[in-house]
$ cat input26.cif   # mmCIF, C-alpha atoms; chains and numbers go by the auth columns
data_coords
#
loop_
_atom_site.group_PDB
_atom_site.id
_atom_site.type_symbol
_atom_site.label_atom_id
_atom_site.label_comp_id
_atom_site.label_asym_id
_atom_site.label_seq_id
_atom_site.Cartn_x
_atom_site.Cartn_y
_atom_site.Cartn_z
_atom_site.B_iso_or_equiv
_atom_site.auth_seq_id
_atom_site.auth_asym_id
ATOM 1 C CA MET A 1 0.000 0.000 0.000 0.00 8 A
ATOM 2 C CA PHE A 2 2.796 2.423 0.924 0.00 9 A
ATOM 3 C CA ARG A 3 4.503 1.749 -2.434 0.00 10 A
ATOM 4 C CA TYR A 4 1.344 2.744 -4.318 0.00 11 A
ATOM 5 C CA PHE A 5 1.003 5.934 -2.309 0.00 12 A
ATOM 6 C CA PHE A 6 4.650 6.813 -3.039 0.00 13 A
ATOM 7 C CA ALA A 7 4.191 6.091 -6.773 0.00 14 A
ATOM 8 C CA ILE A 8 1.069 8.274 -6.938 0.00 15 A
ATOM 9 C CA ALA A 9 2.755 11.111 -4.997 0.00 16 A
ATOM 10 C CA SER A 10 5.824 10.945 -7.272 0.00 17 A
ATOM 11 C CA THR A 11 3.652 11.064 -10.403 0.00 18 A
ATOM 12 C CA ILE A 12 1.709 14.060 -9.098 0.00 19 A
ATOM 13 C CA GLY A 13 5.003 15.795 -8.264 0.00 20 A
ATOM 14 C CA VAL A 14 6.352 15.318 -11.793 0.00 21 A
ATOM 15 C CA PHE A 15 3.161 16.596 -13.430 0.00 22 A
ATOM 16 C CA SER A 16 2.834 19.577 -11.097 0.00 23 A
ATOM 17 C CA SER A 17 6.484 20.579 -11.654 0.00 24 A
ATOM 18 C CA GLN A 18 5.881 20.465 -15.409 0.00 25 A
ATOM 19 C CA ALA A 19 2.707 22.526 -15.013 0.00 26 A
ATOM 20 C CA ASP A 20 4.601 25.197 -13.054 0.00 27 A
ATOM 21 C CA ALA A 21 7.361 25.415 -15.667 0.00 28 A
ATOM 22 C CA LYS A 22 7.330 28.204 -18.259 0.00 29 A
ATOM 23 C CA SER A 23 6.478 26.691 -21.629 0.00 30 A
ATOM 24 C CA VAL A 24 9.584 26.991 -23.803 0.00 31 A
ATOM 25 C CA SER A 25 9.978 26.232 -27.523 0.00 32 A
ATOM 26 C CA TRP A 26 13.451 24.843 -28.268 0.00 33 A
ATOM 27 C CA LYS A 27 15.106 25.222 -31.665 0.00 34 A
ATOM 28 C CA PHE A 28 18.370 23.894 -33.115 0.00 35 A
ATOM 29 C CA THR A 29 19.869 25.442 -36.270 0.00 36 A
ATOM 30 C CA LYS A 30 22.838 24.218 -38.308 0.00 37 A
ATOM 31 C CA LYS A 31 23.886 27.635 -39.688 0.00 38 A
ATOM 32 C CA PRO A 32 24.834 29.106 -37.352 0.00 39 A
ATOM 33 C CA ILE A 33 25.182 26.073 -35.089 0.00 40 A
ATOM 34 C CA GLN A 34 22.876 27.237 -32.358 0.00 41 A
ATOM 35 C CA LEU A 35 20.415 25.969 -29.761 0.00 42 A
ATOM 36 C CA SER A 36 17.841 28.441 -28.448 0.00 43 A
ATOM 37 C CA GLY A 37 14.829 28.314 -26.176 0.00 44 A
ATOM 38 C CA TYR A 38 12.086 30.955 -26.413 0.00 45 A
ATOM 39 C CA PRO A 39 9.035 31.474 -24.175 0.00 46 A
ATOM 40 C CA ALA A 40 6.130 29.952 -26.108 0.00 47 A
ATOM 41 C CA GLY A 41 3.178 32.083 -27.134 0.00 48 A
ATOM 42 C CA GLU A 42 4.858 35.489 -26.829 0.00 49 A
ATOM 43 C CA ASP A 43 5.263 37.971 -29.673 0.00 50 A
ATOM 44 C CA GLU A 44 8.951 38.737 -30.343 0.00 51 A
ATOM 45 C CA PRO A 45 10.285 37.212 -27.112 0.00 52 A
ATOM 46 C CA ASP A 46 13.912 37.101 -26.119 0.00 53 A
ATOM 47 C CA TYR A 47 15.388 33.665 -25.468 0.00 54 A
ATOM 48 C CA VAL A 48 15.663 31.984 -22.075 0.00 55 A
ATOM 49 C CA LEU A 49 18.905 30.249 -23.101 0.00 56 A
ATOM 50 C CA GLN A 50 21.015 30.320 -26.227 0.00 57 A
ATOM 51 C CA MET A 51 24.101 28.260 -27.047 0.00 58 A
ATOM 52 C CA THR A 52 26.164 29.207 -30.082 0.00 59 A
ATOM 53 C CA CYS A 53 29.027 27.107 -31.423 0.00 60 A
ATOM 54 C CA LEU A 54 32.133 29.183 -32.113 0.00 61 A
ATOM 55 C CA PRO A 55 35.188 28.150 -34.185 0.00 62 A
ATOM 56 C CA GLY A 56 37.420 25.636 -32.443 0.00 63 A
ATOM 57 C CA ALA A 57 34.495 23.805 -30.777 0.00 64 A
ATOM 58 C CA LYS A 58 33.914 26.589 -28.275 0.00 65 A
ATOM 59 C CA VAL A 59 30.461 27.421 -26.957 0.00 66 A
ATOM 60 C CA ARG A 60 29.023 30.830 -26.117 0.00 67 A
ATOM 61 C CA VAL A 61 26.149 30.551 -23.660 0.00 68 A
ATOM 62 C CA GLY A 62 23.656 33.328 -23.019 0.00 69 A
ATOM 63 C CA VAL A 63 21.074 32.987 -20.259 0.00 70 A
ATOM 64 C CA GLY A 64 18.186 35.169 -19.221 0.00 71 A
ATOM 65 C CA PRO A 65 17.858 38.186 -21.491 0.00 72 A
ATOM 66 C CA TYR A 66 14.076 37.805 -21.264 0.00 73 A
ATOM 67 C CA LYS A 67 14.574 38.781 -17.593 0.00 74 A
ATOM 68 C CA ASP A 68 17.280 41.412 -18.390 0.00 75 A
ATOM 69 C CA ILE A 69 20.078 40.000 -16.199 0.00 76 A
ATOM 70 C CA GLY A 70 22.577 42.480 -14.819 0.00 77 A
ATOM 71 C CA LYS A 71 20.903 45.624 -16.065 0.00 78 A
ATOM 72 C CA GLY A 72 23.185 48.489 -15.057 0.00 79 A
ATOM 73 C CA HIS A 73 25.502 46.338 -12.912 0.00 80 A
ATOM 74 C CA ALA A 74 29.108 45.323 -13.494 0.00 81 A
ATOM 75 C CA GLY A 75 30.720 42.164 -12.190 0.00 82 A
ATOM 76 C CA ILE A 76 30.298 38.426 -12.400 0.00 83 A
ATOM 77 C CA PHE A 77 26.863 36.807 -12.151 0.00 84 A
ATOM 78 C CA SER A 78 25.975 33.156 -11.797 0.00 85 A
ATOM 79 C CA VAL A 79 22.984 30.977 -12.600 0.00 86 A
ATOM 80 C CA THR A 80 22.566 27.341 -11.656 0.00 87 A
ATOM 81 C CA LEU A 81 20.480 25.224 -14.013 0.00 88 A
ATOM 82 C CA LYS A 82 19.113 22.004 -12.539 0.00 89 A
ATOM 83 C CA SER A 83 17.144 19.124 -14.049 0.00 90 A
ATOM 84 C CA GLY A 84 16.438 16.172 -11.799 0.00 91 A
ATOM 85 C CA ASP A 85 19.734 15.164 -10.163 0.00 92 A
ATOM 86 C CA ARG A 86 21.887 17.055 -12.699 0.00 93 A
ATOM 87 C CA SER A 87 23.061 20.637 -12.322 0.00 94 A
ATOM 88 C CA ALA A 88 25.425 23.118 -13.937 0.00 95 A
ATOM 89 C CA THR A 89 26.476 26.530 -12.673 0.00 96 A
ATOM 90 C CA LEU A 90 27.266 29.184 -15.257 0.00 97 A
ATOM 91 C CA SER A 91 29.229 32.281 -14.290 0.00 98 A
ATOM 92 C CA GLY A 92 29.733 35.237 -16.567 0.00 99 A
ATOM 93 C CA LYS A 93 29.282 38.918 -17.165 0.00 100 A
ATOM 94 C CA SER A 94 26.190 40.817 -18.144 0.00 101 A
ATOM 95 C CA ALA A 95 26.262 41.468 -21.897 0.00 102 A
ATOM 96 C CA LYS A 96 23.904 42.717 -24.593 0.00 103 A
ATOM 97 C CA SER A 97 21.796 39.840 -25.913 0.00 104 A
ATOM 98 C CA THR A 98 22.064 38.853 -29.558 0.00 105 A
ATOM 99 C CA ASN A 99 18.558 40.356 -29.922 0.00 106 A
ATOM 100 C CA TRP A 100 19.700 43.641 -28.329 0.00 107 A
ATOM 101 C CA GLU A 101 18.431 45.844 -31.185 0.00 108 A
ATOM 102 C CA MET A 102 14.913 44.450 -30.752 0.00 109 A
ATOM 103 C CA THR A 103 14.676 43.944 -27.004 0.00 110 A
ATOM 104 C CA VAL A 104 17.384 46.142 -25.387 0.00 111 A
ATOM 105 C CA ALA A 105 17.937 43.233 -22.974 0.00 112 A
ATOM 106 C CA ARG A 106 21.050 41.961 -21.236 0.00 113 A
ATOM 107 C CA GLU A 107 22.024 38.361 -20.474 0.00 114 A
ATOM 108 C CA LEU A 108 24.513 36.432 -18.415 0.00 115 A
ATOM 109 C CA ARG A 109 27.127 35.430 -20.994 0.00 116 A
ATOM 110 C CA THR A 110 29.996 33.012 -20.781 0.00 117 A
ATOM 111 C CA GLU A 111 32.213 31.056 -23.184 0.00 118 A
ATOM 112 C CA MET A 112 33.796 27.642 -22.731 0.00 119 A
ATOM 113 C CA PRO A 113 35.264 24.791 -24.754 0.00 120 A
ATOM 114 C CA LEU A 114 32.615 22.240 -25.737 0.00 121 A
ATOM 115 C CA SER A 115 34.534 19.675 -23.677 0.00 122 A
ATOM 116 C CA SER A 116 33.899 21.802 -20.543 0.00 123 A
ATOM 117 C CA ALA A 117 30.151 21.997 -21.212 0.00 124 A
ATOM 118 C CA LYS A 118 29.439 18.375 -20.171 0.00 125 A
ATOM 119 C CA GLU A 119 27.487 19.329 -17.031 0.00 126 A
ATOM 120 C CA LEU A 120 25.377 21.838 -18.950 0.00 127 A
ATOM 121 C CA LEU A 121 24.675 19.334 -21.737 0.00 128 A
ATOM 122 C CA ALA A 122 23.718 16.732 -19.106 0.00 129 A
ATOM 123 C CA VAL A 123 21.149 19.168 -17.660 0.00 130 A
ATOM 124 C CA LEU A 124 19.732 19.904 -21.114 0.00 131 A
ATOM 125 C CA THR A 125 19.379 16.208 -22.016 0.00 132 A
ATOM 126 C CA ASN A 126 17.919 14.972 -18.711 0.00 133 A
ATOM 127 C CA GLY A 127 14.303 15.149 -19.905 0.00 134 A
ATOM 128 C CA LEU A 128 12.896 16.790 -16.767 0.00 135 A
ATOM 129 C CA PRO A 129 11.966 20.488 -16.436 0.00 136 A
ATOM 130 C CA ILE A 130 14.911 22.825 -15.884 0.00 137 A
ATOM 131 C CA THR A 131 14.980 25.085 -12.846 0.00 138 A
ATOM 132 C CA ALA A 132 17.149 28.210 -12.828 0.00 139 A
ATOM 133 C CA SER A 133 18.395 29.740 -9.581 0.00 140 A
ATOM 134 C CA GLY A 134 20.819 32.503 -8.667 0.00 141 A
ATOM 135 C CA VAL A 135 20.335 35.836 -10.453 0.00 142 A
ATOM 136 C CA LEU A 136 17.604 34.147 -12.500 0.00 143 A
ATOM 137 C CA LYS A 137 14.747 32.278 -10.872 0.00 144 A
ATOM 138 C CA ASP A 138 12.537 30.348 -13.271 0.00 145 A
ATOM 139 C CA SER A 139 11.533 26.907 -14.532 0.00 146 A
ATOM 140 C CA TRP A 140 11.350 25.754 -18.171 0.00 147 A
ATOM 141 C CA THR A 141 9.745 22.868 -20.054 0.00 148 A
ATOM 142 C CA VAL A 142 12.061 20.676 -22.126 0.00 149 A
ATOM 143 C CA ASN A 143 9.915 19.156 -24.899 0.00 150 A
ATOM 144 C CA GLY A 144 12.292 18.044 -27.679 0.00 151 A
ATOM 145 C CA LEU A 145 15.339 19.558 -25.977 0.00 152 A
ATOM 146 C CA ALA A 146 17.321 16.329 -25.469 0.00 153 A
ATOM 147 C CA SER A 147 17.504 15.426 -29.172 0.00 154 A
ATOM 148 C CA GLN A 148 18.226 19.009 -30.205 0.00 155 A
ATOM 149 C CA THR A 149 21.015 19.260 -27.612 0.00 156 A
ATOM 150 C CA ALA A 150 22.539 16.038 -28.960 0.00 157 A
ATOM 151 C CA ALA A 151 22.437 17.470 -32.508 0.00 158 A
ATOM 152 C CA PHE A 152 24.045 20.694 -31.262 0.00 159 A
ATOM 153 C CA GLY A 153 26.858 18.796 -29.494 0.00 160 A
ATOM 154 C CA GLU A 154 27.534 16.590 -32.508 0.00 161 A
ATOM 155 C CA SER A 155 27.584 19.515 -34.959 0.00 162 A
ATOM 156 C CA CYS A 156 29.716 21.696 -32.699 0.00 163 A
ATOM 157 C CA SER A 157 32.295 18.946 -32.095 0.00 164 A
ATOM 158 C CA LYS A 158 32.939 18.912 -35.861 0.00 165 A
ATOM 159 C CA ASN A 159 33.385 22.707 -36.013 0.00 166 A
#

$ encode --input "input26.cif" --output "structure tokens"
Amino acid sequence: MFRYFFAIASTIGVFSSQADAKSVSWKFTKKPIQLSGYPAGEDEPDYVLQMTCLPGAKVRVGVGPYKDIGKGHAGIFSVTLKSGDRSATLSGKSAKSTNWEMTVARELRTEMPLSSAKELLAVLTNGLPITASGVLKDSWTVNGLASQTAAFGESCSKN
């Protein structure tokens, strides 16, 4: 009996955490090699997360311009992304988003070799909603994200 109660409680927890998560549409492109997530259902939104492959298998990561991270502040910021038992902490400076001309928003931006992005890729492929904490507090859905992250990693490793 206790096992059934635990199974039902766990199922409810998974569904309620997905219901609380902001609905995000994820998109992978080959040119440029890029993975982006945008809030679904908004006109001209800024992304929640964007990874761009740079020459030499480096990755530029931008997080949170839709929340305008670091507006008017200098220094290093950090965001921890967590999905299930996996987590990755990103630290970087506030920078103009790639959509700056449209949104006038700033993001946490960092760059790293693809080989150093293993924790981040593990979070993005876990299959459970992603929770952001630190200077950004939010939760995102991950529909289709695992396969698109795999395609991004494969394409970037060849760059």

$ closest_residue --input "input26.cif" --among "A:Val142, A:Val86, A:Met58, A:Ala153" --to "Thr105 in chain A" --atoms "only C-alpha atoms"
A:Met58

$ residues_near_point --input "input26.cif" --point "(11.5, 25.3, -23.0)" --cutoff "9 Å" --atoms "only C-alpha atoms" --output "short mmCIF file (atom, residue, chain, number, x, y, z; two decimals) with C-alpha atoms, in the coordinates of the input"
data_model
loop_
_atom_site.label_atom_id
_atom_site.label_comp_id
_atom_site.auth_asym_id
_atom_site.auth_seq_id
_atom_site.Cartn_x
_atom_site.Cartn_y
_atom_site.Cartn_z
CA ALA A 28 7.36 25.42 -15.67
CA LYS A 29 7.33 28.20 -18.26
CA SER A 30 6.48 26.69 -21.63
CA VAL A 31 9.58 26.99 -23.80
CA SER A 32 9.98 26.23 -27.52
CA TRP A 33 13.45 24.84 -28.27
CA SER A 43 17.84 28.44 -28.45
CA GLY A 44 14.83 28.31 -26.18
CA TYR A 45 12.09 30.96 -26.41
CA PRO A 46 9.04 31.47 -24.18
CA ALA A 47 6.13 29.95 -26.11
CA VAL A 55 15.66 31.98 -22.08
CA LEU A 56 18.90 30.25 -23.10
CA PRO A 136 11.97 20.49 -16.44
CA ILE A 137 14.91 22.82 -15.88
CA SER A 146 11.53 26.91 -14.53
CA TRP A 147 11.35 25.75 -18.17
CA THR A 148 9.74 22.87 -20.05
CA VAL A 149 12.06 20.68 -22.13
CA ASN A 150 9.91 19.16 -24.90
CA GLY A 151 12.29 18.04 -27.68
CA LEU A 152 15.34 19.56 -25.98
#

$ closest_residue --input "input26.cif" --among "A:Thr36, A:Leu88, A:Lys65, A:Gly77" --to "Leu135 in chain A" --atoms "all atoms listed in the file"
A:Leu88

$ residues_around --input "input26.cif" --residues "Thr96 in chain A" --least-positions-apart "3" --cutoff "9 Å" --atoms "all atoms listed in the file" --output "compact mmCIF listing (two decimals) with C-alpha atoms, keeping the file's coordinate frame"
# COMPACT_ATOMS: atom_id res chain seq x y z
CA SER A 85 25.98 33.16 -11.80
CA VAL A 86 22.98 30.98 -12.60
CA THR A 87 22.57 27.34 -11.66
CA LEU A 88 20.48 25.22 -14.01
CA LYS A 89 19.11 22.00 -12.54
CA GLU A 126 27.49 19.33 -17.03
CA LEU A 127 25.38 21.84 -18.95

$ closest_residue --input "input26.cif" --among "A:Ser123, A:Gly134, A:Ser154, A:Pro72" --to "Leu42 in chain A" --atoms "all atoms listed in the file"
A:Ser154

$ atom_distance --input "input26.cif" --atom1 "CA of Gln41 in chain A" --atom2 "CA of Ala129 in chain A"
16.9 Å

$ resolve_selection --input "input26.cif" --expression "the PyMOL selection byres ((chain A and resi 99) around 8)" --output "PyMOL selection string"
chain A and resi 83-85+97-98+100-101+115-117

$ build_atoms --input "input26.cif" --residues "range 47-71 of chain A" --atoms "N, CA and C atoms" --output "PDB file, keeping the file's coordinate frame"
ATOM      1  N   ALA A  47       7.168  30.244 -25.117  1.00  0.00           N
ATOM      2  CA  ALA A  47       6.130  29.952 -26.108  1.00  0.00           C
ATOM      3  C   ALA A  47       4.977  30.935 -25.982  1.00  0.00           C
ATOM      4  N   GLY A  48       4.383  31.268 -27.113  1.00  0.00           N
ATOM      5  CA  GLY A  48       3.178  32.083 -27.134  1.00  0.00           C
ATOM      6  C   GLY A  48       3.381  33.575 -26.942  1.00  0.00           C
ATOM      7  N   GLU A  49       4.615  34.055 -26.982  1.00  0.00           N
ATOM      8  CA  GLU A  49       4.858  35.489 -26.829  1.00  0.00           C
ATOM      9  C   GLU A  49       5.288  36.073 -28.170  1.00  0.00           C
ATOM     10  N   ASP A  50       4.842  37.283 -28.460  1.00  0.00           N
ATOM     11  CA  ASP A  50       5.263  37.971 -29.673  1.00  0.00           C
ATOM     12  C   ASP A  50       6.660  38.545 -29.467  1.00  0.00           C
ATOM     13  N   GLU A  51       7.583  38.245 -30.368  1.00  0.00           N
ATOM     14  CA  GLU A  51       8.951  38.737 -30.343  1.00  0.00           C
ATOM     15  C   GLU A  51       9.632  38.601 -28.979  1.00  0.00           C
ATOM     16  N   PRO A  52       9.639  37.393 -28.412  1.00  0.00           N
ATOM     17  CA  PRO A  52      10.285  37.212 -27.112  1.00  0.00           C
ATOM     18  C   PRO A  52      11.797  37.134 -27.243  1.00  0.00           C
ATOM     19  N   ASP A  53      12.489  37.371 -26.170  1.00  0.00           N
ATOM     20  CA  ASP A  53      13.912  37.101 -26.119  1.00  0.00           C
ATOM     21  C   ASP A  53      14.071  35.687 -25.579  1.00  0.00           C
ATOM     22  N   TYR A  54      15.187  35.056 -25.846  1.00  0.00           N
ATOM     23  CA  TYR A  54      15.388  33.665 -25.468  1.00  0.00           C
ATOM     24  C   TYR A  54      15.613  33.514 -23.961  1.00  0.00           C
ATOM     25  N   VAL A  55      15.357  32.304 -23.464  1.00  0.00           N
ATOM     26  CA  VAL A  55      15.663  31.984 -22.075  1.00  0.00           C
ATOM     27  C   VAL A  55      17.103  31.487 -21.983  1.00  0.00           C
ATOM     28  N   LEU A  56      17.543  30.768 -23.030  1.00  0.00           N
ATOM     29  CA  LEU A  56      18.905  30.249 -23.101  1.00  0.00           C
ATOM     30  C   LEU A  56      19.282  30.125 -24.564  1.00  0.00           C
ATOM     31  N   GLN A  57      20.532  30.476 -24.861  1.00  0.00           N
ATOM     32  CA  GLN A  57      21.015  30.320 -26.227  1.00  0.00           C
ATOM     33  C   GLN A  57      22.457  29.845 -26.180  1.00  0.00           C
ATOM     34  N   MET A  58      22.740  28.769 -26.913  1.00  0.00           N
ATOM     35  CA  MET A  58      24.101  28.260 -27.047  1.00  0.00           C
ATOM     36  C   MET A  58      24.499  28.393 -28.508  1.00  0.00           C
ATOM     37  N   THR A  59      25.658  29.011 -28.735  1.00  0.00           N
ATOM     38  CA  THR A  59      26.164  29.207 -30.082  1.00  0.00           C
ATOM     39  C   THR A  59      27.538  28.572 -30.173  1.00  0.00           C
ATOM     40  N   CYS A  60      27.737  27.745 -31.204  1.00  0.00           N
ATOM     41  CA  CYS A  60      29.027  27.107 -31.423  1.00  0.00           C
ATOM     42  C   CYS A  60      29.949  28.100 -32.123  1.00  0.00           C
ATOM     43  N   LEU A  61      31.128  28.289 -31.556  1.00  0.00           N
ATOM     44  CA  LEU A  61      32.133  29.183 -32.113  1.00  0.00           C
ATOM     45  C   LEU A  61      33.253  28.345 -32.729  1.00  0.00           C
ATOM     46  N   PRO A  62      34.078  28.917 -33.604  1.00  0.00           N
ATOM     47  CA  PRO A  62      35.188  28.150 -34.185  1.00  0.00           C
ATOM     48  C   PRO A  62      36.063  27.521 -33.098  1.00  0.00           C
ATOM     49  N   GLY A  63      36.570  26.332 -33.396  1.00  0.00           N
ATOM     50  CA  GLY A  63      37.420  25.636 -32.443  1.00  0.00           C
ATOM     51  C   GLY A  63      36.629  24.875 -31.396  1.00  0.00           C
ATOM     52  N   ALA A  64      35.369  24.548 -31.693  1.00  0.00           N
ATOM     53  CA  ALA A  64      34.495  23.805 -30.777  1.00  0.00           C
ATOM     54  C   ALA A  64      34.374  24.507 -29.426  1.00  0.00           C
ATOM     55  N   LYS A  65      34.220  25.820 -29.481  1.00  0.00           N
ATOM     56  CA  LYS A  65      33.914  26.589 -28.275  1.00  0.00           C
ATOM     57  C   LYS A  65      32.424  26.892 -28.278  1.00  0.00           C
ATOM     58  N   VAL A  66      31.887  27.149 -27.095  1.00  0.00           N
ATOM     59  CA  VAL A  66      30.461  27.421 -26.957  1.00  0.00           C
ATOM     60  C   VAL A  66      30.271  28.739 -26.224  1.00  0.00           C
ATOM     61  N   ARG A  67      29.451  29.612 -26.814  1.00  0.00           N
ATOM     62  CA  ARG A  67      29.023  30.830 -26.117  1.00  0.00           C
ATOM     63  C   ARG A  67      27.622  30.557 -25.582  1.00  0.00           C
ATOM     64  N   VAL A  68      27.434  30.788 -24.302  1.00  0.00           N
ATOM     65  CA  VAL A  68      26.149  30.551 -23.660  1.00  0.00           C
ATOM     66  C   VAL A  68      25.603  31.880 -23.164  1.00  0.00           C
ATOM     67  N   GLY A  69      24.362  32.155 -23.524  1.00  0.00           N
ATOM     68  CA  GLY A  69      23.656  33.328 -23.019  1.00  0.00           C
ATOM     69  C   GLY A  69      22.415  32.867 -22.283  1.00  0.00           C
ATOM     70  N   VAL A  70      22.216  33.390 -21.073  1.00  0.00           N
ATOM     71  CA  VAL A  70      21.074  32.987 -20.259  1.00  0.00           C
ATOM     72  C   VAL A  70      20.338  34.224 -19.764  1.00  0.00           C
ATOM     73  N   GLY A  71      19.037  34.215 -19.900  1.00  0.00           N
ATOM     74  CA  GLY A  71      18.186  35.169 -19.221  1.00  0.00           C
ATOM     75  C   GLY A  71      17.942  36.544 -19.774  1.00  0.00           C
TER      76      GLY A  71
END
